[in-house]
Each structure stands twice: as C-alpha cells, then as structure tokens.
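So this block is protein.tsv, TSV, C-alpha atoms and all ligand atoms:
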chain	number	residue	atom	x	y	z
A	1	MET	CA	-10.04	0.62	-13.73
A	2	SER	CA	-9.64	-2.98	-12.66
A	3	THR	CA	-9.12	-4.52	-9.27
A	4	ASN	CA	-5.53	-5.05	-10.24
A	5	GLU	CA	-5.15	-1.39	-11.05
A	6	LEU	CA	-6.25	-0.41	-7.57
A	7	GLU	CA	-3.80	-2.94	-6.23
A	8	ALA	CA	-1.01	-1.81	-8.52
A	9	ALA	CA	-1.62	1.88	-7.99
A	10	GLY	CA	-1.81	1.41	-4.25
A	11	SER	CA	1.17	-0.83	-3.84
A	12	PRO	CA	3.58	-0.62	-6.75
A	13	GLN	CA	6.58	-1.91	-4.81
A	14	ALA	CA	4.82	-4.99	-3.54
A	15	THR	CA	3.48	-5.62	-7.02
A	16	SER	CA	6.84	-5.44	-8.71
A	17	SER	CA	8.91	-7.22	-6.11
A	18	GLN	CA	6.69	-10.15	-5.25
A	19	PRO	CA	5.65	-13.12	-7.35
A	20	LYS	CA	1.96	-13.15	-8.17
A	21	GLY	CA	1.53	-16.74	-7.01
A	22	ASN	CA	-1.80	-18.07	-8.22
A	23	GLY	CA	-2.58	-14.75	-9.87
A	24	SER	CA	-4.61	-13.38	-6.99
A	25	SER	CA	-3.94	-9.69	-6.64
A	26	LEU	CA	-4.49	-10.06	-2.92
A	27	GLN	CA	-1.26	-11.88	-2.24
A	28	GLN	CA	0.43	-8.62	-1.37
A	29	THR	CA	-1.94	-7.82	1.48
A	30	GLY	CA	-0.60	-10.73	3.48
A	31	ARG	CA	-3.57	-12.97	2.68
A	32	ARG	CA	-3.05	-16.58	3.56
A	33	GLU	CA	-4.84	-19.46	1.94
A	34	LEU	CA	-7.34	-21.10	4.26
A	35	PRO	CA	-7.77	-24.85	4.45
A	36	GLY	CA	-10.76	-26.07	2.53
A	37	ARG	CA	-10.54	-23.33	-0.03
A	38	SER	CA	-10.92	-24.59	-3.56
A	39	PRO	CA	-9.93	-22.68	-6.69
A	40	GLN	CA	-12.79	-20.43	-7.65
A	41	SER	CA	-15.24	-22.27	-9.83
A	42	GLY	CA	-16.03	-19.09	-11.71
A	43	GLN	CA	-19.81	-18.91	-11.48
A	44	ALA	CA	-21.27	-18.06	-8.10
A	45	THR	CA	-19.52	-16.12	-5.39
A	46	VAL	CA	-22.19	-16.92	-2.80
A	47	GLU	CA	-24.29	-20.07	-2.49
A	48	VAL	CA	-26.82	-20.27	0.31
A	49	ARG	CA	-28.42	-23.70	0.60
A	50	GLY	CA	-31.20	-24.70	2.97
A	51	VAL	CA	-30.30	-22.01	5.47
A	52	SER	CA	-32.41	-21.64	8.57
A	53	LYS	CA	-31.75	-19.43	11.56
A	54	GLN	CA	-33.48	-19.61	14.89
A	55	TYR	CA	-33.06	-17.58	18.03
A	56	GLN	CA	-34.06	-18.69	21.47
A	57	ARG	CA	-35.95	-15.94	23.27
A	58	GLY	CA	-36.74	-17.17	26.77
A	59	SER	CA	-38.66	-20.38	26.26
A	60	LYS	CA	-39.72	-19.36	22.74
A	61	VAL	CA	-37.88	-20.26	19.55
A	62	VAL	CA	-37.99	-17.45	17.00
A	63	GLU	CA	-37.56	-18.64	13.44
A	64	VAL	CA	-35.86	-15.79	11.58
A	65	LEU	CA	-34.78	-17.51	8.33
A	66	LYS	CA	-36.61	-20.49	6.88
A	67	ASP	CA	-34.88	-22.93	4.53
A	68	LEU	CA	-33.43	-20.25	2.24
A	69	ASN	CA	-31.71	-20.89	-1.08
A	70	LEU	CA	-29.91	-18.05	-2.79
A	71	THR	CA	-27.16	-17.73	-5.37
A	72	ILE	CA	-25.22	-14.54	-5.96
A	73	GLY	CA	-23.07	-14.38	-9.06
A	74	THR	CA	-19.50	-13.14	-9.21
A	75	GLY	CA	-19.35	-9.43	-10.03
A	76	SER	CA	-23.08	-9.02	-9.53
A	77	CYS	CA	-24.69	-6.16	-7.62
A	78	GLU	CA	-27.68	-7.61	-5.77
A	79	ALA	CA	-30.21	-6.09	-3.40
A	80	LEU	CA	-32.12	-7.62	-0.49
A	81	MET	CA	-35.37	-5.85	0.27
A	82	GLY	CA	-38.29	-6.56	2.56
A	83	PRO	CA	-40.16	-5.30	5.61
A	84	SER	CA	-38.42	-4.51	8.86
A	85	GLY	CA	-37.78	-7.67	10.84
A	86	SER	CA	-37.98	-9.96	7.80
A	87	GLY	CA	-34.43	-11.22	8.40
A	88	LYS	CA	-32.44	-9.15	5.89
A	89	SER	CA	-29.59	-8.20	8.23
A	90	THR	CA	-29.46	-11.72	9.63
A	91	LEU	CA	-29.08	-13.14	6.12
A	92	LEU	CA	-26.48	-10.54	5.16
A	93	ASN	CA	-24.45	-11.28	8.31
A	94	ILE	CA	-24.56	-15.00	7.53
A	95	ILE	CA	-23.37	-14.38	3.94
A	96	ALA	CA	-20.53	-12.23	5.28
A	97	GLY	CA	-19.46	-14.83	7.84
A	98	LEU	CA	-20.33	-12.62	10.82
A	99	ASP	CA	-23.02	-15.01	11.96
A	100	THR	CA	-23.71	-18.71	11.33
A	101	PRO	CA	-26.98	-20.40	10.40
A	102	THR	CA	-28.70	-22.90	12.67
A	103	SER	CA	-28.69	-25.28	9.71
A	104	GLY	CA	-27.75	-25.25	6.03
A	105	SER	CA	-24.62	-24.31	4.12
A	106	VAL	CA	-23.18	-20.98	3.02
A	107	THR	CA	-20.41	-21.24	0.48
A	108	VAL	CA	-18.51	-18.12	-0.50
A	109	ARG	CA	-15.88	-18.54	-3.19
A	110	GLY	CA	-15.61	-22.21	-2.44
A	111	VAL	CA	-15.36	-21.88	1.36
A	112	ASN	CA	-18.18	-23.31	3.47
A	113	LEU	CA	-18.32	-20.66	6.17
A	114	PRO	CA	-20.23	-22.51	8.92
A	115	SER	CA	-17.55	-25.22	8.88
A	116	LEU	CA	-14.82	-22.74	9.88
A	117	SER	CA	-13.98	-22.06	13.52
A	118	GLU	CA	-14.76	-18.56	14.77
A	119	ASP	CA	-11.07	-17.58	14.50
A	120	LYS	CA	-10.78	-18.90	10.95
A	121	ARG	CA	-13.97	-17.11	9.97
A	122	ALA	CA	-12.60	-13.84	11.35
A	123	GLU	CA	-9.40	-14.38	9.39
A	124	TRP	CA	-11.43	-15.20	6.28
A	125	ARG	CA	-13.57	-12.06	6.70
A	126	ALA	CA	-10.53	-9.82	7.06
A	127	SER	CA	-9.29	-10.66	3.58
A	128	ASN	CA	-12.51	-11.53	1.73
A	129	VAL	CA	-15.25	-9.14	2.84
A	130	GLY	CA	-15.64	-5.38	2.90
A	131	PHE	CA	-18.37	-4.02	5.22
A	132	ILE	CA	-20.45	-0.88	4.73
A	133	PHE	CA	-22.90	0.17	7.45
A	134	GLN	CA	-25.83	2.57	7.57
A	135	THR	CA	-24.10	4.73	10.17
A	136	PHE	CA	-20.66	4.68	8.44
A	137	ASN	CA	-18.82	3.56	11.63
A	138	LEU	CA	-15.76	5.75	11.10
A	139	MET	CA	-13.38	6.36	14.01
A	140	PRO	CA	-13.88	10.03	14.99
A	141	VAL	CA	-10.29	10.50	16.20
A	142	LEU	CA	-8.77	9.32	12.92
A	143	THR	CA	-8.52	11.24	9.65
A	144	ALA	CA	-10.21	9.97	6.49
A	145	LEU	CA	-6.88	8.53	5.35
A	146	GLU	CA	-6.24	6.81	8.69
A	147	ASN	CA	-9.76	5.38	8.75
A	148	VAL	CA	-9.32	3.95	5.26
A	149	ALA	CA	-5.90	2.47	6.09
A	150	LEU	CA	-7.16	0.84	9.31
A	151	PRO	CA	-7.94	-2.66	7.90
A	152	LEU	CA	-4.39	-2.82	6.51
A	153	LEU	CA	-2.98	-2.81	10.05
A	154	LEU	CA	-3.90	-6.50	10.06
A	155	THR	CA	-1.58	-7.12	7.10
A	156	LYS	CA	2.19	-7.08	6.83
A	157	LEU	CA	2.27	-4.07	4.52
A	158	PRO	CA	4.75	-1.38	5.58
A	159	SER	CA	3.17	1.91	6.63
A	160	ALA	CA	4.25	3.81	3.48
A	161	ASP	CA	2.43	1.21	1.36
A	162	ARG	CA	-0.63	1.34	3.60
A	163	GLU	CA	-0.77	5.09	3.20
A	164	ARG	CA	-0.29	4.93	-0.57
A	165	ARG	CA	-3.07	2.40	-0.96
A	166	ALA	CA	-5.41	4.39	1.29
A	167	LYS	CA	-4.77	7.49	-0.83
A	168	THR	CA	-5.61	5.53	-3.98
A	169	ALA	CA	-8.81	4.18	-2.42
A	170	LEU	CA	-9.83	7.73	-1.42
A	171	GLU	CA	-9.21	8.83	-5.00
A	172	VAL	CA	-11.40	5.99	-6.27
A	173	VAL	CA	-14.31	7.34	-4.17
A	174	GLY	CA	-13.60	10.92	-5.27
A	175	LEU	CA	-12.20	12.13	-1.95
A	176	GLY	CA	-8.50	12.41	-2.69
A	177	ASP	CA	-8.63	16.01	-1.46
A	178	ARG	CA	-10.20	15.11	1.91
A	179	ALA	CA	-7.49	12.73	3.17
A	180	ASN	CA	-6.62	14.83	6.23
A	181	HIS	CA	-10.18	15.69	7.22
A	182	TYR	CA	-11.75	14.19	10.32
A	183	PRO	CA	-15.20	12.55	10.03
A	184	ASN	CA	-16.89	15.54	11.72
A	185	GLU	CA	-15.46	17.75	8.96
A	186	LEU	CA	-17.20	15.69	6.27
A	187	SER	CA	-20.81	15.48	5.07
A	188	GLY	CA	-22.75	12.25	5.59
A	189	GLY	CA	-22.31	11.35	1.94
A	190	GLN	CA	-18.58	11.95	2.16
A	191	GLU	CA	-18.35	9.87	5.35
A	192	GLN	CA	-20.06	6.97	3.60
A	193	ARG	CA	-17.67	7.28	0.66
A	194	VAL	CA	-14.73	7.13	3.12
A	195	ALA	CA	-16.35	4.00	4.56
A	196	ILE	CA	-16.55	2.55	1.04
A	197	ALA	CA	-12.86	3.29	0.51
A	198	ARG	CA	-12.16	1.48	3.80
A	199	ALA	CA	-14.28	-1.46	2.63
A	200	ILE	CA	-12.25	-1.91	-0.58
A	201	ILE	CA	-8.79	-1.27	0.82
A	202	THR	CA	-7.94	-4.96	1.31
A	203	ASP	CA	-9.31	-5.71	-2.18
A	204	PRO	CA	-12.03	-8.11	-0.97
A	205	ALA	CA	-14.08	-10.02	-3.55
A	206	LEU	CA	-17.31	-9.50	-1.62
A	207	ILE	CA	-18.75	-6.22	-0.36
A	208	VAL	CA	-21.76	-6.28	1.95
A	209	ALA	CA	-23.73	-3.14	2.74
A	210	ASP	CA	-26.57	-2.92	5.28
A	211	GLU	CA	-28.80	0.02	4.36
A	212	PRO	CA	-25.86	2.08	3.07
A	213	THR	CA	-28.08	5.00	2.01
A	214	GLY	CA	-30.43	4.88	5.01
A	215	ASP	CA	-28.97	8.00	6.66
A	216	LEU	CA	-28.33	10.02	3.48
A	217	ASP	CA	-30.18	12.68	1.51
A	218	ARG	CA	-31.24	11.76	-2.02
A	219	GLN	CA	-28.25	13.25	-3.80
A	220	SER	CA	-25.66	11.68	-1.47
A	221	ALA	CA	-27.55	8.39	-1.64
A	222	ASP	CA	-27.37	8.46	-5.44
A	223	GLU	CA	-23.62	9.13	-5.32
A	224	VAL	CA	-23.13	6.17	-2.99
A	225	LEU	CA	-25.27	3.91	-5.21
A	226	GLU	CA	-23.31	5.02	-8.27
A	227	LEU	CA	-20.10	4.15	-6.49
A	228	LEU	CA	-21.34	0.70	-5.43
A	229	ASP	CA	-22.38	0.13	-9.04
A	230	ARG	CA	-18.87	0.99	-10.20
A	231	LEU	CA	-17.37	-1.46	-7.71
A	232	CYS	CA	-19.22	-4.21	-9.61
A	233	LYS	CA	-18.88	-2.95	-13.15
A	234	ASP	CA	-15.35	-1.53	-13.07
A	235	PHE	CA	-13.71	-3.52	-10.28
A	236	GLY	CA	-15.54	-6.86	-10.60
A	237	LYS	CA	-16.63	-6.85	-6.95
A	238	THR	CA	-19.67	-8.79	-5.82
A	239	VAL	CA	-21.95	-6.43	-3.88
A	240	VAL	CA	-24.83	-7.55	-1.66
A	241	MET	CA	-26.87	-4.69	-0.28
A	242	VAL	CA	-29.76	-4.62	2.16
A	243	THR	CA	-31.90	-1.62	1.36
A	244	HIS	CA	-35.26	0.10	1.75
A	245	ASP	CA	-34.38	2.51	-1.02
A	246	PRO	CA	-36.42	1.82	-4.19
A	247	ALA	CA	-33.70	3.57	-6.23
A	248	ALA	CA	-31.16	1.06	-4.92
A	249	GLY	CA	-33.48	-1.82	-5.75
A	250	GLU	CA	-33.91	-0.52	-9.28
A	251	ARG	CA	-30.19	-0.21	-9.88
A	252	ALA	CA	-29.40	-3.72	-8.63
A	253	SER	CA	-28.92	-6.39	-11.27
A	254	VAL	CA	-30.92	-8.81	-9.13
A	255	LEU	CA	-33.47	-7.98	-6.46
A	256	HIS	CA	-34.28	-10.54	-3.74
A	257	ARG	CA	-37.36	-9.99	-1.61
A	258	LEU	CA	-37.53	-11.38	1.87
A	259	ASP	CA	-40.74	-11.68	3.87
A	260	LYS	CA	-40.95	-13.31	7.31
A	261	GLY	CA	-37.68	-15.13	6.76
A	262	ALA	CA	-38.49	-16.55	3.33
A	263	LEU	CA	-37.63	-15.37	-0.16
A	264	VAL	CA	-40.69	-14.36	-2.14
B	301	LIG	P1	-34.27	-6.87	9.20
B	301	LIG	O1	-32.87	-6.55	8.94
B	301	LIG	O2	-35.00	-7.42	8.01
B	301	LIG	O3	-35.03	-5.72	9.78
B	301	LIG	P2	-33.23	-8.68	11.21
B	301	LIG	O4	-32.48	-9.69	10.44
B	301	LIG	O5	-32.45	-7.64	11.91
B	301	LIG	O6	-34.37	-8.04	10.28
B	301	LIG	O7	-34.11	-9.43	12.30
B	301	LIG	C1	-35.05	-10.44	11.96
B	301	LIG	C2	-35.74	-10.95	13.21
B	301	LIG	O8	-34.80	-11.63	14.02
B	301	LIG	C3	-36.35	-9.87	14.06
B	301	LIG	O9	-37.59	-10.32	14.55
B	301	LIG	C4	-35.35	-9.72	15.19
B	301	LIG	O10	-35.99	-9.30	16.35
B	301	LIG	C5	-34.81	-11.12	15.33
B	301	LIG	N1	-33.41	-11.12	15.82
B	301	LIG	C6	-32.35	-10.61	15.18
B	301	LIG	N2	-31.21	-10.79	15.91
B	301	LIG	C7	-31.59	-11.44	17.02
B	301	LIG	C8	-30.91	-11.93	18.19
B	301	LIG	N3	-29.57	-11.79	18.31
B	301	LIG	N4	-31.63	-12.55	19.14
B	301	LIG	C9	-32.96	-12.72	19.01
B	301	LIG	N5	-33.68	-12.30	17.95
B	301	LIG	C10	-33.02	-11.66	16.98
B	302	MG	MG	-31.74	-4.82	9.24
Can you give me the file's structure in the form of structure tokens?
Amino acid sequence: MSTNELEAAGSPQATSSQPKGNGSSLQQTGRRELPGRSPQSGQATVEVRGVSKQYQRGSKVVEVLKDLNLTIGTGSCEALMGPSGSGKSTLLNIIAGLDTPTSGSVTVRGVNLPSLSEDKRAEWRASNVGFIFQTFNLMPVLTALENVALPLLLTKLPSADRERRAKTALEVVGLGDRANHYPNELSGGQEQRVAIARAIITDPALIVADEPTGDLDRQSADEVLELLDRLCKDFGKTVVMVTHDPAAGERASVLHRLDKGALV
C-alpha cells in the first residue's frame, strides 16, 4: 500500500474532486506551501549540519550537542542510540522542529527549520511530522478513532472525511475493530498502535519516535517495530527513532550512536 493509497482510501471525495497540484498527496489535508520551501531534491529528507545545542543552567553552560552532522535519507528507517543523557531526545526534537539548535542548520525536505519563526515551525510540523512518544500520549476521554482524527481538526477536511481517514489509519495499524474503544480499554501495544495511526493521519513525510517501545513487553514492542518498518517500506515514510531496544537498532537501516553529544 502506498502513501497515496492511504490518502485515497481515507479521503476519496477530496481525491476525486480536487486537482493534485504539484502531485503532493497532502494537498487535500489543507497543507499550505511555506515560504523558502524548495521542490524536494530527492536524496536526503533530513540534513543536520554543524549543529550545537547549549543550555544555560545557572551560571554554567551545558553543552548537549557538539557540532553534529547527520544525513537521513528519504524513506529510510534510522535509529539513534546511546546512553541516557547523551542528547538523543534533544537531537530528535531539533530534527522534528520542536526545538532549535544554538548554532548550525537543520534542513528537512528543503526547509531550513531554524530560520522559521516559531509560528511557521508549528505550522510546518503540523503537516510534515508525525510524533510517537514512549508513553503514547492518547487523550483518555476520546475513543481510539477520535484520538486518531485529532490532528485533522487543524485541517479544513469535513468531519465525515476526517472520520473515514481515521478509520483507514486504524485499519493500517490493525485496529479497525477497536475504533470505539477508549485508551483504558486497550493494551499498551494497542495504545501505541493507535498513536502510530494518529502520527500518520496527516500523511507526514517524517515520523519521529522517542523510545516508542520503552513501555512495552517484547511481543508488543516487536509489533510496533514491524509497523514502523512498514511505514518506511510500504508507505515511503522517513522514520527516525530514539531507542534503547537492541532489536530496534538491529531492524533500522542505519544506526547512529550518540555519546556525550557527539556521534560516534
Ligand atoms: P537523552 O535523550 O539521550 O537521554 P536528552 O537529550 O534528554 O538526553 O538530554 C541531554 C542532556 O541535556 C542532559 O544532560 C539533560 O539534562 C540536558 N537537557 C535537556 N533538556 C534540557 C533543558 N531544557 N535545560 C537544561 N538541560 C537540558
Ligand atoms: Mg531521551
């Protein structure tokens, strides 16, 4: 199944009634082109160049990332591993446009993130990045379907289309029959799969996951890793995952090791 199939299955009306524009399947989600965005060059989705990050703690400057260079290819599934405190989450947040480096450039699909204002970065994130967290971060008062559909509230899609797409995304993660369950009626592994459905609902090119299997038993963890693998192989997504899980590291097509803020 391709990205376009998810799009088409989730939103057939929008697909048939709207021009495809530049061919991006994301046009239907209300995505707007941001200034400074160049047509995708085709090779790397993420280019990190000379990135350093420092925090001020009292009078002390803590150097968390030191002059990092990293390239992540389009459609690649890559893992970031390293000891606790080595800067993995900081780097992931910078790649996802949640945080900015103290110096250096971070280019994702032709957009230099640190050059965007905070508002523009938020807008960029909403249509370009899907987030998966260790603790799932589902809303307890919403059903699985409502949780998955949540990011689409930021788009102009009518509610029937939002629901249809959310159902399709739940089917992609194997939970089509759990649409009306609340998070507390699901296992941890199922909750994380709902979170993955939520992460792909806007059809982002980049998926970032911070220790996505950290709270799961082995079998659920393997199911989640299998699913992340499929997002790359079958849907062409670029996945960057921070992990302590050796099984996740083994599955990744590229493994980056971070130690004390530097790649080793
Ligand atoms: P990891 O994910 O590899 O465990 P982090 O990226 O979370 O590491 O953190 C790296 C280092 O940066 C740690 O020493 C942490 O204490 C420090 N750090 C992270 N965020 C902040 C912050 N907002 N202010 C000050 N120090 C921070
Ligand atoms: Mg971390």
For ligand LIG 301 (chain B), collect every residue having any atom at a distance of at most 6 Å from a ligand atom (counting only C-alpha atoms and all ligand atoms); output as a PDB file with C-alpha atoms, in the frame of the given file.
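The resulting file, pocket.pdb, is reproduced below:
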ATOM      1  CA  TYR A  55     -33.060 -17.580  18.030  1.00  0.00           C
ATOM      2  CA  VAL A  64     -35.860 -15.790  11.580  1.00  0.00           C
ATOM      3  CA  SER A  84     -38.420  -4.510   8.860  1.00  0.00           C
ATOM      4  CA  GLY A  85     -37.780  -7.670  10.840  1.00  0.00           C
ATOM      5  CA  SER A  86     -37.980  -9.960   7.800  1.00  0.00           C
ATOM      6  CA  GLY A  87     -34.430 -11.220   8.400  1.00  0.00           C
ATOM      7  CA  LYS A  88     -32.440  -9.150   5.890  1.00  0.00           C
ATOM      8  CA  SER A  89     -29.590  -8.200   8.230  1.00  0.00           C
ATOM      9  CA  THR A  90     -29.460 -11.720   9.630  1.00  0.00           C
TER      10      THR A  90
END
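The space separating atom CA of A:Ser159 from atom CA of A:Asn147 comes to 13.6 Å.
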**Report entry** Shell of 10 Å around A:Ala247, all atoms listed in the file, local chain residues under 4 positions omitted, as a PyMOL selection string
**Finding:** chain A and resi 218+221-222+225+243+251-252
Store the residues of this selection in a file with C-alpha atoms, as an mmCIF file, keeping the file's coordinate frame.
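As a result, selection20.cif now contains:
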data_model
loop_
_atom_site.group_PDB
_atom_site.id
_atom_site.type_symbol
_atom_site.label_atom_id
_atom_site.label_comp_id
_atom_site.auth_asym_id
_atom_site.auth_seq_id
_atom_site.Cartn_x
_atom_site.Cartn_y
_atom_site.Cartn_z
ATOM 1 C CA ARG A 218 -31.240 11.760 -2.020
ATOM 2 C CA ALA A 221 -27.550 8.390 -1.640
ATOM 3 C CA ASP A 222 -27.370 8.460 -5.440
ATOM 4 C CA LEU A 225 -25.270 3.910 -5.210
ATOM 5 C CA THR A 243 -31.900 -1.620 1.360
ATOM 6 C CA ARG A 251 -30.190 -0.210 -9.880
ATOM 7 C CA ALA A 252 -29.400 -3.720 -8.630
#
Query raised in the report: Could you name the residues that touch A:Asp229 at 12 Å or less, counting all atoms listed in the file, but leaving out those on the same chain fewer than 3 positions away, as a ChimeraX atom specification?
Result: /A:75-79,173,196,207,222-226,232-241,248-253
Report task. Write out as a ChimeraX atom specification which residues come within 6 Å of stretch 186-194 of chain A when counting all atoms listed in the file, dropping same-chain ones fewer than 2 positions away. Result -> /A:136,173,183-184,196-197,220
Using C-alpha atoms, can you export the residues from the last selection as a PDB file, in the coordinates of the input?
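Saved file selection_27.pdb follows:
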ATOM      1  CA  PHE A 136     -20.660   4.680   8.440  1.00  0.00           C
ATOM      2  CA  VAL A 173     -14.310   7.340  -4.170  1.00  0.00           C
ATOM      3  CA  PRO A 183     -15.200  12.550  10.030  1.00  0.00           C
ATOM      4  CA  ASN A 184     -16.890  15.540  11.720  1.00  0.00           C
ATOM      5  CA  ILE A 196     -16.550   2.550   1.040  1.00  0.00           C
ATOM      6  CA  ALA A 197     -12.860   3.290   0.510  1.00  0.00           C
ATOM      7  CA  SER A 220     -25.660  11.680  -1.470  1.00  0.00           C
TER       8      SER A 220
END
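Proximity of A:Arg230, A:Arg164, A:His244, A:Lys60 to ligand MG 302 (chain B), computed with all atoms listed in the file, is greatest for A:His244.
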Requested in this report: Could you check which of A:Pro101, A:Glu211, A:Leu206, A:Leu80 is closest to A:Glu63, using all atoms listed in the file?
Outcome: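 Nearest candidate to A:Glu63 out of A:Pro101, A:Glu211, A:Leu206, A:Leu80: A:Pro101.
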Report summary line: Of A:Arg162, A:Leu227, A:Leu68, A:Gly73, the one nearest to A:Gly174 when counting only C-alpha atoms is A:Leu227
Query raised in the report: Could you pull the residues within 12 Å of A:Thr100, counting all atoms listed in the file, minus those fewer than 6 positions along the same chain, as a VMD selection string?
Result: chain A and resid 48 51 to 55 65 90 to 94 106 to 107 112 to 118 121
Report task. Return the single residue from A:Ser105, A:Thr74, A:Gln56, A:Thr202 that is closest to A:Thr168, with distances computed using only C-alpha atoms. Result ->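 Of A:Ser105, A:Thr74, A:Gln56, A:Thr202, the one nearest A:Thr168 is A:Thr202, counting only C-alpha atoms.
Distance-wise, atom CA of A:Arg198 and atom CA of A:Ala169 end up 7.6 Å apart.
With only C-alpha atoms and all ligand atoms as the atoms that count, the residue of A:Glu146, A:Asp210, A:Asp215, A:Asp259 with the shortest distance to ligand MG 302 (chain B) is A:Asp210.
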Query - Which of A:Ile201, A:Gln219, A:Asn69, A:Pro140 sits closest to A:Leu153 [using all atoms listed in the file] - result: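 So, comparing all the options, the nearest one is A:Ile201.
Our summary of the geometry notes that atom CA of A:Asp245 is positioned 24.6 Å from atom CA of A:Asp99.
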Requested in this report: Excluding A:Ala209 and residues on its chain fewer than 4 positions from it, collect all residues at most 6 Å away from it, counting all atoms listed in the file, and give them as a PyMOL selection string.
Outcome: chain A and resi 131-133+241
Put stretch 237-248 of chain A into a file with C-alpha atoms, as a PDB file, in the first residue's frame.
ATOM      1  CA  LYS A 237       7.928   7.421   5.232  1.00  0.00           C
ATOM      2  CA  THR A 238      11.204   8.539   6.753  1.00  0.00           C
ATOM      3  CA  VAL A 239      11.356   7.262  10.338  1.00  0.00           C
ATOM      4  CA  VAL A 240      13.817   8.499  12.958  1.00  0.00           C
ATOM      5  CA  MET A 241      13.628   6.599  16.218  1.00  0.00           C
ATOM      6  CA  VAL A 242      15.409   7.094  19.525  1.00  0.00           C
ATOM      7  CA  THR A 243      15.694   3.748  21.221  1.00  0.00           C
ATOM      8  CA  HIS A 244      17.407   1.647  23.884  1.00  0.00           C
ATOM      9  CA  ASP A 245      15.989  -1.503  22.355  1.00  0.00           C
ATOM     10  CA  PRO A 246      18.711  -3.579  20.627  1.00  0.00           C
ATOM     11  CA  ALA A 247      16.002  -5.213  18.485  1.00  0.00           C
ATOM     12  CA  ALA A 248      15.011  -1.774  17.189  1.00  0.00           C
TER      13      ALA A 248
END
